[in-house]
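The data block below is coords_26.txt; it holds compact mmCIF, C-alpha atoms and all ligand atoms.
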# COMPACT_ATOMS: atom_id res chain seq x y z
CA MET A 197 0.00 0.00 0.00
CA ASP A 198 1.71 3.21 -1.13
CA GLU A 199 -1.19 5.37 -2.34
CA ALA A 200 -4.26 6.62 -0.54
CA THR A 201 -7.24 8.72 -1.63
CA ILE A 202 -9.34 10.50 0.97
CA ALA A 203 -12.88 11.25 -0.21
CA VAL A 204 -14.38 13.92 2.00
CA PHE A 205 -17.91 15.16 2.49
CA SER A 206 -18.09 17.89 5.09
CA GLY A 207 -21.06 20.19 5.62
CA THR A 208 -19.54 22.40 8.29
CA GLY A 209 -15.87 21.42 8.43
CA ASN A 210 -15.64 18.61 10.98
CA ALA A 211 -15.12 15.83 8.44
CA ALA A 212 -12.65 18.06 6.55
CA ARG A 213 -10.72 18.50 9.80
CA ALA A 214 -10.68 14.75 10.51
CA ALA A 215 -9.63 14.03 6.91
CA GLY A 216 -6.69 16.47 7.26
CA ILE A 217 -5.49 14.71 10.40
CA VAL A 218 -5.76 11.25 8.82
CA ALA A 219 -3.97 12.50 5.67
CA ASP A 220 -1.09 13.79 7.81
CA ARG A 221 -0.75 10.38 9.52
CA LEU A 222 -0.75 8.53 6.21
CA ARG A 223 1.78 10.93 4.67
CA ALA A 224 4.02 10.58 7.71
CA ALA A 225 4.02 6.82 7.02
CA GLY A 226 5.29 7.49 3.48
CA LEU A 227 2.02 7.20 1.51
CA ALA A 228 1.17 9.48 -1.41
CA VAL A 229 -2.18 10.97 -0.38
CA SER A 230 -4.69 12.77 -2.60
CA THR A 231 -8.02 14.24 -1.53
CA VAL A 232 -11.31 14.55 -3.38
CA ASP A 233 -14.14 16.79 -2.19
CA LEU A 234 -17.45 14.98 -2.66
CA ALA A 235 -19.20 18.08 -1.30
CA ALA A 236 -17.89 20.09 -4.25
CA GLY A 237 -19.37 17.59 -6.70
CA ALA A 238 -16.16 15.57 -7.36
CA ALA A 239 -16.46 11.90 -8.30
CA LEU A 240 -14.31 9.11 -6.91
CA PRO A 241 -11.17 8.61 -9.04
CA GLU A 242 -9.98 5.37 -10.68
CA PRO A 243 -8.39 3.34 -7.87
CA SER A 244 -4.79 2.15 -8.03
CA ALA A 245 -3.82 -1.48 -7.45
CA GLY A 246 -3.34 -2.08 -3.73
CA GLY A 247 -4.41 1.50 -2.94
CA LEU A 248 -6.43 2.64 0.04
CA LEU A 249 -9.65 4.68 -0.22
CA VAL A 250 -10.73 6.49 2.94
CA VAL A 251 -14.26 7.90 2.93
CA CYS A 252 -14.54 10.58 5.60
CA SER A 253 -18.02 12.03 5.84
CA SER A 254 -20.50 13.62 8.19
CA THR A 255 -23.24 11.31 9.47
CA LEU A 256 -26.81 12.36 8.75
CA GLY A 257 -29.69 10.33 10.21
CA PHE A 258 -27.51 7.25 10.94
CA SER A 259 -26.40 7.25 7.31
CA PRO A 260 -23.78 8.78 5.05
CA PRO A 261 -25.37 11.77 3.25
CA SER A 262 -27.42 10.87 0.16
CA THR A 263 -24.81 12.67 -1.99
CA VAL A 264 -22.06 10.39 -0.61
CA MET A 265 -24.07 7.20 -1.09
CA ARG A 266 -24.65 8.19 -4.73
CA ALA A 267 -20.90 8.77 -5.26
CA LEU A 268 -20.04 5.42 -3.66
CA ARG A 269 -22.57 3.53 -5.78
CA ARG A 270 -21.08 5.14 -8.90
CA ALA A 271 -17.44 4.58 -7.86
CA PRO A 272 -15.18 3.11 -10.54
CA ARG A 273 -14.58 -0.60 -9.93
CA ALA A 274 -11.79 -1.41 -7.51
CA ALA A 275 -8.35 -2.42 -8.80
CA PRO A 276 -6.71 -5.65 -7.52
CA GLY A 277 -6.03 -5.31 -3.78
CA SER A 278 -7.95 -2.00 -3.38
CA ARG A 279 -9.19 -1.48 0.16
CA ALA A 280 -11.60 1.01 1.71
CA ALA A 281 -12.06 2.48 5.17
CA VAL A 282 -14.93 4.64 6.39
CA ILE A 283 -14.79 7.45 8.95
CA CYS A 284 -18.25 8.40 10.20
CA VAL A 285 -18.00 11.93 11.54
CA CYS A 286 -20.65 12.27 14.24
CA GLY A 287 -22.08 14.95 16.52
CA ALA A 288 -21.04 15.00 20.19
CA THR A 289 -23.20 16.45 22.96
CA MET A 290 -22.29 17.91 26.35
CA GLY A 291 -24.57 16.75 29.14
CA LYS A 292 -24.54 16.96 32.95
CA THR A 293 -22.30 13.89 33.10
CA GLY A 294 -19.85 15.21 30.51
CA LEU A 295 -19.14 14.74 26.84
CA THR A 296 -20.96 12.01 24.92
CA GLY A 297 -19.86 10.94 21.47
CA GLY A 298 -22.30 10.69 18.57
CA TRP A 299 -23.48 7.45 17.03
CA SER A 300 -23.39 6.58 13.36
CA GLY A 301 -25.86 3.68 13.49
CA ALA A 302 -25.29 1.58 10.38
CA ALA A 303 -23.69 4.39 8.31
CA SER A 304 -20.33 2.60 8.01
CA ILE A 305 -22.06 -0.67 7.13
CA ALA A 306 -24.07 1.00 4.35
CA ALA A 307 -20.95 2.74 2.97
CA LEU A 308 -18.74 -0.37 3.11
CA ALA A 309 -21.51 -2.48 1.54
CA ALA A 310 -21.77 -0.01 -1.39
CA LEU A 311 -17.98 -0.09 -1.85
CA GLY A 312 -17.94 -3.88 -1.46
CA ARG A 313 -20.26 -4.07 -4.46
CA ARG A 314 -17.64 -2.07 -6.40
CA GLY A 315 -14.98 -4.65 -5.45
CA TYR A 316 -13.30 -2.95 -2.46
CA ARG A 317 -12.12 -4.97 0.54
CA ALA A 318 -13.02 -3.40 3.91
CA ALA A 319 -10.03 -1.94 5.76
CA GLY A 320 -11.73 -0.40 8.80
CA SER A 321 -14.44 1.88 10.13
CA VAL A 322 -14.72 4.29 13.02
CA ASP A 323 -16.93 6.94 14.62
CA VAL A 324 -15.21 10.28 15.20
CA SER A 325 -17.22 12.81 17.22
CA TYR A 326 -17.00 16.56 16.77
CA PRO A 327 -19.47 19.33 17.71
CA GLU A 328 -23.06 18.69 16.60
CA ASN A 329 -24.00 20.89 13.60
CA TRP A 330 -27.77 20.33 13.43
CA THR A 331 -28.46 24.04 13.90
CA GLN A 332 -31.84 23.49 12.24
CA ALA A 333 -32.98 21.79 15.46
CA SER A 334 -30.58 22.63 18.32
CA PRO A 335 -28.11 25.36 19.25
CA PRO A 336 -24.50 24.34 18.55
CA ALA A 337 -21.95 24.10 21.37
CA THR A 338 -19.80 27.15 22.04
CA GLY A 339 -16.71 28.08 24.10
CA ALA A 340 -15.04 25.45 26.27
CA ASP A 341 -17.61 22.75 25.37
CA ARG A 342 -16.91 23.22 21.69
CA ASP A 343 -13.14 23.15 22.27
CA ALA A 344 -13.41 19.91 24.27
CA MET A 345 -15.41 18.32 21.45
CA LEU A 346 -12.90 19.44 18.83
CA ALA A 347 -10.03 18.00 20.91
CA ARG A 348 -11.89 14.69 21.28
CA GLY A 349 -12.59 14.45 17.55
CA ASP A 350 -8.98 15.30 16.68
CA ALA A 351 -7.70 12.56 19.01
CA GLU A 352 -10.10 9.96 17.58
CA ALA A 353 -9.16 10.86 14.00
CA ALA A 354 -5.43 10.75 14.83
CA ALA A 355 -5.74 7.31 16.49
CA PHE A 356 -7.58 5.86 13.47
CA GLY A 357 -5.13 7.49 11.03
CA THR A 358 -2.20 5.94 12.91
CA LEU A 359 -3.86 2.50 12.76
CA LEU A 360 -4.54 2.80 9.03
CA ALA A 361 -0.98 4.00 8.39
CA SER A 362 0.35 0.90 10.11
CA GLY A 363 -1.75 -1.30 7.83
CA GLN A 364 -4.18 -2.29 10.60
CA GLY A 365 -7.84 -1.48 11.03
CA THR A 366 -10.65 -1.62 13.54
CA PHE A 367 -14.32 -2.01 12.70
CA LEU A 368 -17.49 -0.60 14.25
CA ARG A 369 -19.45 -3.58 15.55
CA ARG A 370 -23.25 -3.54 15.49
CA ASN A 371 -25.52 -6.30 16.78
CA PRO A 372 -28.25 -7.57 14.41
CA LEU A 373 -30.91 -5.32 16.00
CA THR A 374 -28.97 -2.03 15.82
CA ARG A 375 -27.65 -2.99 12.39
CA SER A 376 -31.14 -3.53 10.94
CA LEU A 377 -32.69 -0.61 12.79
CA GLY A 378 -29.80 1.67 11.79
CA ARG A 379 -30.05 0.67 8.13
CA PHE A 380 -33.81 1.19 8.17
CA VAL A 381 -33.59 4.64 9.79
CA GLY A 382 -30.72 5.59 7.46
CA PHE A 383 -32.76 4.51 4.43
CA VAL A 384 -35.85 6.47 5.58
CA PHE A 385 -33.64 9.50 6.24
CA ARG A 386 -32.07 9.37 2.77
CA VAL A 387 -35.34 8.76 0.97
CA LEU A 388 -37.77 10.96 2.89
CA ALA A 389 -36.66 12.78 6.05
CA ARG A 390 -33.91 14.89 4.45
CA ARG A 391 -36.43 16.16 1.89
CA ALA A 392 -38.91 17.07 4.62
CA LEU A 393 -36.12 18.85 6.56
CA ALA A 394 -35.31 20.88 3.44
CA ARG A 395 -38.89 22.14 3.49
CA LEU A 396 -38.27 23.85 6.83
CA PHE A 397 -35.50 26.15 5.56
CA VAL A 398 -36.40 29.76 4.83
CA ALA A 399 -34.42 32.97 4.37
CA ASP A 400 -35.67 35.88 6.48
CA ASP A 401 -35.39 39.62 5.82
CA ALA A 402 -31.68 39.63 6.74
CA CYS A 403 -30.99 37.80 3.43
CA THR A 404 -28.91 40.00 1.11
CA GLY A 405 -29.27 37.66 -1.88
CA CYS A 406 -25.49 37.12 -1.99
CA GLY A 407 -25.96 33.53 -3.22
CA LEU A 408 -23.25 32.00 -1.01
CA CYS A 409 -25.67 29.29 0.20
CA ALA A 410 -26.51 28.32 -3.40
CA ALA A 411 -22.90 28.30 -4.60
CA ALA A 412 -21.63 26.29 -1.64
CA CYS A 413 -24.49 23.78 -1.30
CA PRO A 414 -22.84 20.31 -1.52
CA SER A 415 -25.93 18.81 -3.13
CA GLY A 416 -26.65 21.63 -5.59
CA ALA A 417 -30.06 21.87 -3.94
CA ILE A 418 -30.33 25.65 -3.60
CA THR A 419 -31.29 27.96 -6.44
CA MET A 420 -31.66 31.73 -6.27
CA ARG A 421 -35.20 32.75 -7.24
CA GLY A 422 -36.00 36.43 -7.28
CA GLY A 423 -32.78 37.06 -5.34
CA ARG A 424 -33.67 34.62 -2.54
CA PRO A 425 -32.67 31.00 -1.94
CA ALA A 426 -35.09 28.13 -2.63
CA TRP A 427 -34.39 24.57 -1.49
CA SER A 428 -35.12 21.59 -3.72
CA THR A 429 -35.58 17.96 -2.71
CA ALA A 430 -31.94 17.28 -3.68
CA CYS A 431 -31.03 18.72 -0.22
CA SER A 432 -29.02 16.23 1.85
CA ALA A 433 -29.82 18.18 5.07
CA CYS A 434 -26.11 18.71 5.84
CA ASN A 435 -26.92 22.11 7.41
CA ARG A 436 -24.06 23.90 5.65
CA CYS A 437 -26.32 26.70 4.39
CA ILE A 438 -27.78 27.64 7.77
CA ASN A 439 -24.33 27.66 9.37
CA LEU A 440 -22.51 29.40 6.52
CA CYS A 441 -24.86 32.32 5.79
CA PRO A 442 -22.87 35.54 6.54
CA THR A 443 -25.97 37.30 7.93
CA ALA A 444 -27.47 34.25 9.72
CA ALA A 445 -30.59 34.83 7.59
CA ILE A 446 -31.42 31.14 7.08
CA GLN A 447 -33.88 29.83 9.65
CA THR A 448 -36.03 26.83 10.44
CA SER A 449 -39.61 28.04 10.08
CA THR A 450 -41.93 27.12 12.95
CA ALA A 451 -44.98 27.71 10.76
CA ARG A 452 -43.60 25.35 8.12
CA LEU A 453 -42.77 22.77 10.81
CA VAL A 454 -46.34 22.89 12.13
CA LEU A 455 -47.72 22.59 8.59
CA VAL A 456 -45.42 19.71 7.62
CA LEU A 457 -46.13 17.83 10.89
CA GLY A 458 -49.87 18.53 10.67
CA PHE A 459 -50.01 17.47 7.03
CA ASN A 460 -48.12 14.24 7.82
CA ALA A 461 -50.28 13.41 10.84
CA ALA A 462 -53.44 13.98 8.79
CA LEU A 463 -52.03 11.80 6.00
CA MET A 464 -51.14 8.99 8.37
CA LEU A 465 -54.62 9.02 9.86
CA ALA A 466 -56.45 9.37 6.56
CA ALA A 467 -54.43 6.99 4.35
CA PRO A 468 -55.53 3.67 5.97
CA ARG A 469 -59.21 4.75 6.06
CA VAL A 470 -59.18 5.86 2.43
CA ALA A 471 -57.38 2.61 1.48
CA ARG A 472 -60.03 0.47 3.24
CA ALA A 473 -62.90 2.47 1.70
CA THR A 474 -61.33 2.16 -1.78
CA LEU A 475 -60.83 -1.60 -1.41
CA ALA A 476 -64.42 -2.02 -0.19
CA ALA A 477 -65.73 -0.03 -3.17
CA VAL A 478 -63.63 -2.09 -5.61
CA ALA A 479 -64.82 -5.36 -3.99
CA GLY A 480 -68.43 -4.14 -4.18
CA GLY A 481 -69.01 -4.64 -0.43
CA SER A 482 -70.09 -2.10 2.17
CA ALA A 483 -66.93 -2.41 4.33
CA TRP A 484 -63.43 -3.85 3.92
CA PRO A 485 -62.70 -6.29 6.75
CA GLY A 486 -59.83 -5.40 9.11
CA PHE A 487 -56.45 -3.96 8.19
CA GLY A 488 -54.62 -6.57 6.08
CA PRO A 489 -51.70 -6.51 3.62
CA ALA A 490 -53.83 -5.09 0.76
CA SER A 491 -55.09 -2.09 2.73
CA PHE A 492 -51.60 -1.59 4.22
CA ALA A 493 -49.98 -1.53 0.75
CA LEU A 494 -52.60 0.83 -0.65
CA GLY A 495 -52.41 3.07 2.44
CA LEU A 496 -48.63 3.28 2.05
CA ALA A 497 -48.92 4.10 -1.65
CA LEU A 498 -51.46 6.85 -0.88
CA TYR A 499 -49.21 8.25 1.83
CA ALA A 500 -46.21 8.27 -0.54
CA ALA A 501 -48.24 9.96 -3.32
CA LEU A 502 -49.53 12.69 -1.02
CA THR A 503 -46.05 13.18 0.42
CA VAL A 504 -44.92 14.19 -3.07
CA LEU A 505 -47.61 16.87 -2.92
CA GLN A 506 -46.15 18.08 0.35
CA LEU A 507 -42.67 18.27 -1.16
CA GLY A 508 -43.71 20.24 -4.24
CA PRO A 509 -46.99 22.16 -4.52
CA LEU A 510 -47.31 22.86 -0.79
CA ASP A 511 -43.84 24.39 -0.84
CA ALA A 512 -44.66 26.49 -3.91
CA LEU A 513 -47.75 27.80 -2.10
CA LEU A 514 -45.73 28.73 0.97
CA ARG A 515 -43.11 30.48 -1.15
CA ALA A 516 -45.81 32.51 -2.85
CA ALA A 517 -47.21 33.47 0.58
CA GLU A 518 -43.73 34.57 1.69
CA ARG A 519 -43.84 37.37 -0.89
CA SER A 520 -46.25 39.29 1.32
CA LYS A 521 -44.35 41.06 4.10
CA PRO A 522 -46.62 40.25 7.11
CA LEU A 523 -46.96 36.62 6.02
CA ARG A 524 -43.20 36.44 5.45
CA ARG A 525 -42.59 37.58 9.03
CA LEU A 526 -44.85 34.79 10.27
CA LEU A 527 -43.47 32.12 7.93
CA THR A 528 -39.80 32.90 8.55
CA SER A 529 -39.85 33.11 12.33
CA GLY A 530 -38.51 30.23 14.38
CA PRO A 531 -36.17 29.32 17.25
CA THR A 532 -33.03 29.33 15.07
CA LYS A 533 -33.06 33.16 15.02
CA ARG A 534 -31.58 32.95 18.53
CA PHE A 535 -29.11 30.11 17.83
CA PRO A 536 -25.41 30.74 17.22
CA ARG A 537 -24.06 29.11 14.04
CA TYR A 538 -21.35 26.46 13.79
CA LEU A 539 -18.41 26.07 11.43
CA ALA A 540 -15.25 24.16 12.38
CA PRO A 541 -12.42 26.65 12.98
CA GLY A 542 -10.73 27.72 9.73
CA PHE A 543 -13.26 25.93 7.50
CA SER A 544 -13.91 27.60 4.16
CA PRO A 545 -15.94 25.37 1.84
CA ALA A 546 -15.21 24.99 -1.83
CA THR A 547 -18.00 25.94 -4.19
CA ARG A 548 -19.44 23.35 -6.55
CA THR A 549 -17.88 22.91 -9.94
CA GLU A 550 -21.00 24.06 -11.81
CA SER A 551 -22.97 27.23 -10.97
CA PRO A 552 -26.48 26.66 -9.63
CA PRO A 553 -29.33 28.18 -11.68
CA GLY A 554 -29.99 31.82 -10.90
CA PHE A 555 -26.58 32.37 -9.40
CA PRO A 556 -24.62 35.29 -10.90
CA SER A 557 -21.29 33.79 -12.03
CA ASP A 558 -19.32 37.03 -11.44
CA ARG A 559 -19.91 36.55 -7.71
CA ARG A 560 -18.23 33.14 -7.54
CA MET A 561 -14.73 34.54 -7.05
CA SER A 562 -15.61 36.53 -3.97
CA LEU A 563 -17.39 33.72 -2.15
CA ARG A 564 -14.48 32.09 -0.40
CA SER A 565 -13.45 35.33 1.25
CA ARG A 566 -17.03 35.96 2.40
CA ALA A 567 -17.37 32.61 4.17
CA ARG A 568 -16.79 33.12 7.86
C1 LIG B 1 -29.75 16.40 9.76
C2 LIG B 1 -28.61 15.93 10.60
C3 LIG B 1 -28.59 14.61 11.05
C4 LIG B 1 -27.55 14.17 11.87
N1 LIG B 1 -27.54 12.85 12.27
C5 LIG B 1 -26.56 12.41 13.07
C6 LIG B 1 -26.53 11.04 13.50
O1 LIG B 1 -27.35 10.21 13.10
N2 LIG B 1 -25.55 10.67 14.36
C7 LIG B 1 -24.60 11.55 14.81
O2 LIG B 1 -23.75 11.17 15.62
N3 LIG B 1 -24.57 12.85 14.38
C8 LIG B 1 -25.52 13.28 13.52
N4 LIG B 1 -25.51 14.58 13.06
C9 LIG B 1 -24.41 15.48 13.46
C10 LIG B 1 -23.28 15.58 12.41
O3 LIG B 1 -23.00 14.35 11.83
C11 LIG B 1 -22.03 16.10 13.10
O4 LIG B 1 -22.22 17.35 13.67
C12 LIG B 1 -20.81 16.11 12.16
O5 LIG B 1 -19.68 16.35 12.95
C13 LIG B 1 -20.91 17.17 11.09
O6 LIG B 1 -19.79 17.04 10.25
P1 LIG B 1 -19.40 18.15 9.17
O7 LIG B 1 -19.03 19.39 9.94
O8 LIG B 1 -18.24 17.59 8.46
O9 LIG B 1 -20.58 18.35 8.31
C14 LIG B 1 -26.51 15.05 12.24
C15 LIG B 1 -26.52 16.37 11.76
C16 LIG B 1 -27.55 16.80 10.94
C17 LIG B 1 -27.51 18.19 10.40
If you convert what's in this file into structure tokens, what do you get?
Ligand SMILES: Cc1cc2nc3c(=O)[nH]c(=O)nc-3n(C[C@H](O)[C@H](O)[C@H](O)COP(=O)(O)O)c2cc1C
Amino acid sequence: MDEATIAVFSGTGNAARAAGIVADRLRAAGLAVSTVDLAAGAALPEPSAGGLLVVCSSTLGFSPPSTVMRALRRAPRAAPGSRAAVICVCGATMGKTGLTGGWSGAASIAALAALGRRGYRAAGSVDVSYPENWTQASPPATGADRDAMLARGDAEAAAFGTLLASGQGTFLRRNPLTRSLGRFVGFVFRVLARRALARLFVADDACTGCGLCAAACPSGAITMRGGRPAWSTACSACNRCINLCPTAAIQTSTARLVLVLGFNAALMLAAPRVARATLAAVAGGSAWPGFGPASFALGLALYAALTVLQLGPLDALLRAAERSKPLRRLLTSGPTKRFPRYLAPGFSPATRTESPPGFPSDRRMSLRSRAR
């Protein structure tokens, strides 16, 4: 093993920090190390024979981000002896009893399985915990708590890098229950939850229309419409935009949250009833007996179809309502207005290789200097 590629996906800089530490360890052991930024839209390169691929990515909903899973599934086939390791960068929390590391669920298993299908042999997996960046839902750590989390993450990354450099590896072990549950939650997150979370983002009146969020979005999910950002269902929910915005204008909308939750609850209640009534009508009877596989399947299909409505037309309606100033104030208010933002120290994200629609290309050059 004399070559290594580190594929990084980092929303707010933690995974980039861990990747830098691991790269240093591998270089110190004499390996030629190159880095690819999956968050800037790069694809995985052709592997070299006997080379090592290290995927170092934030963990979102017990899963690698949807963007990362797509890149892994499309990875060029492994060369003879190619191996792959996965670093799941998690979110730590500070409680009354001290610092608790995050948990990646089955994220490493999903990533290694995807790479296994491309011919890679597993070389190791680890959880590395840095400050939590889910600013959409909770205030990030600050001050001494944040520093303690950064120090913990650095130490975990260094220990794993040293192991990899010595040709050894450790693996995250999951019992059958946590493995299956983790994979299920990860799958639901990638397919549905991240899209619903994207629906909660709004830009309030502090938005200057600079377009930094659109240019730096790792999933190319933000377009500028009428000088304001709009989130599509391509969002991986990495929370880079909310943390990167120079005027902290991006918020989680309470009104949208209530609407999305209310709509989902109503759907969940209505779908089985409508399914049973439909089946009864088709069968020509007055009532469909019980709740069996047929009504379950139809109920699920109805729920999925109406969820599409929630992800598209409902959002368009809300965006139209946001054009009116009083409604905008209502629709853009939420707890995140009071939250500090989080970026790992020194992190300045690369912009994607192609410009998002509606983004003025002459502004691209100034973006890196505007990122905090
Ligand atoms: C939507 C969302 C879901 C998350 N899910 C998890 C999770 O399942 N487990 C975990 O330990 N951390 C989770 N986190 C926290 C991030 O993985 C963590 O803060 C990570 O260090 C961020 O890395 P980055 O700065 O490279 O993006 C989540 C964060 C977000 C925004």
> Out of A:Arg375, A:Gln332, A:Leu227, A:Ser244, which residue has the shortest atom-to-atom distance to Phe535 of chain A when counting all atoms listed in the file?
Replying inline: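 Using all atoms listed in the file, the shortest distance to Phe535 of chain A belongs to A:Gln332.
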>> At a cut-off of 6 Å and counting only C-alpha atoms and all ligand atoms, what residues surround ligand LIG 1 (chain B)? Please answer as a ChimeraX atom specification.
In response: /A:206-212,254-258,285-287,298-300,326-330,433-435
With only C-alpha atoms as the counted atoms, please give the residues lying no more than 8 Å from Phe367 of chain A, apart from itself and same-chain residues fewer than 4 positions off, as a short mmCIF file (atom, residue, chain, number, x, y, z; two decimals) with C-alpha atoms, keeping the file's coordinate frame.
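The new file selection-v6.cif reads:
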data_model
loop_
_atom_site.label_atom_id
_atom_site.label_comp_id
_atom_site.auth_asym_id
_atom_site.auth_seq_id
_atom_site.Cartn_x
_atom_site.Cartn_y
_atom_site.Cartn_z
CA GLY A 320 -11.73 -0.40 8.80
CA SER A 321 -14.44 1.88 10.13
CA VAL A 322 -14.72 4.29 13.02
#
>> When you count all atoms listed in the file, which of these residues is closest to Met290 of chain A: A:Ala337, A:Leu268, A:Val398, A:Ala517?
In response: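 Among the listed residues, the smallest separation from Met290 of chain A belongs to A:Ala337.
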> Could you pull the residues within 7 Å of Ala281 of chain A, counting only C-alpha atoms, minus those fewer than 6 positions along the same chain, as number ranges by chain?
Replying inline: A: 249-251, 318-321
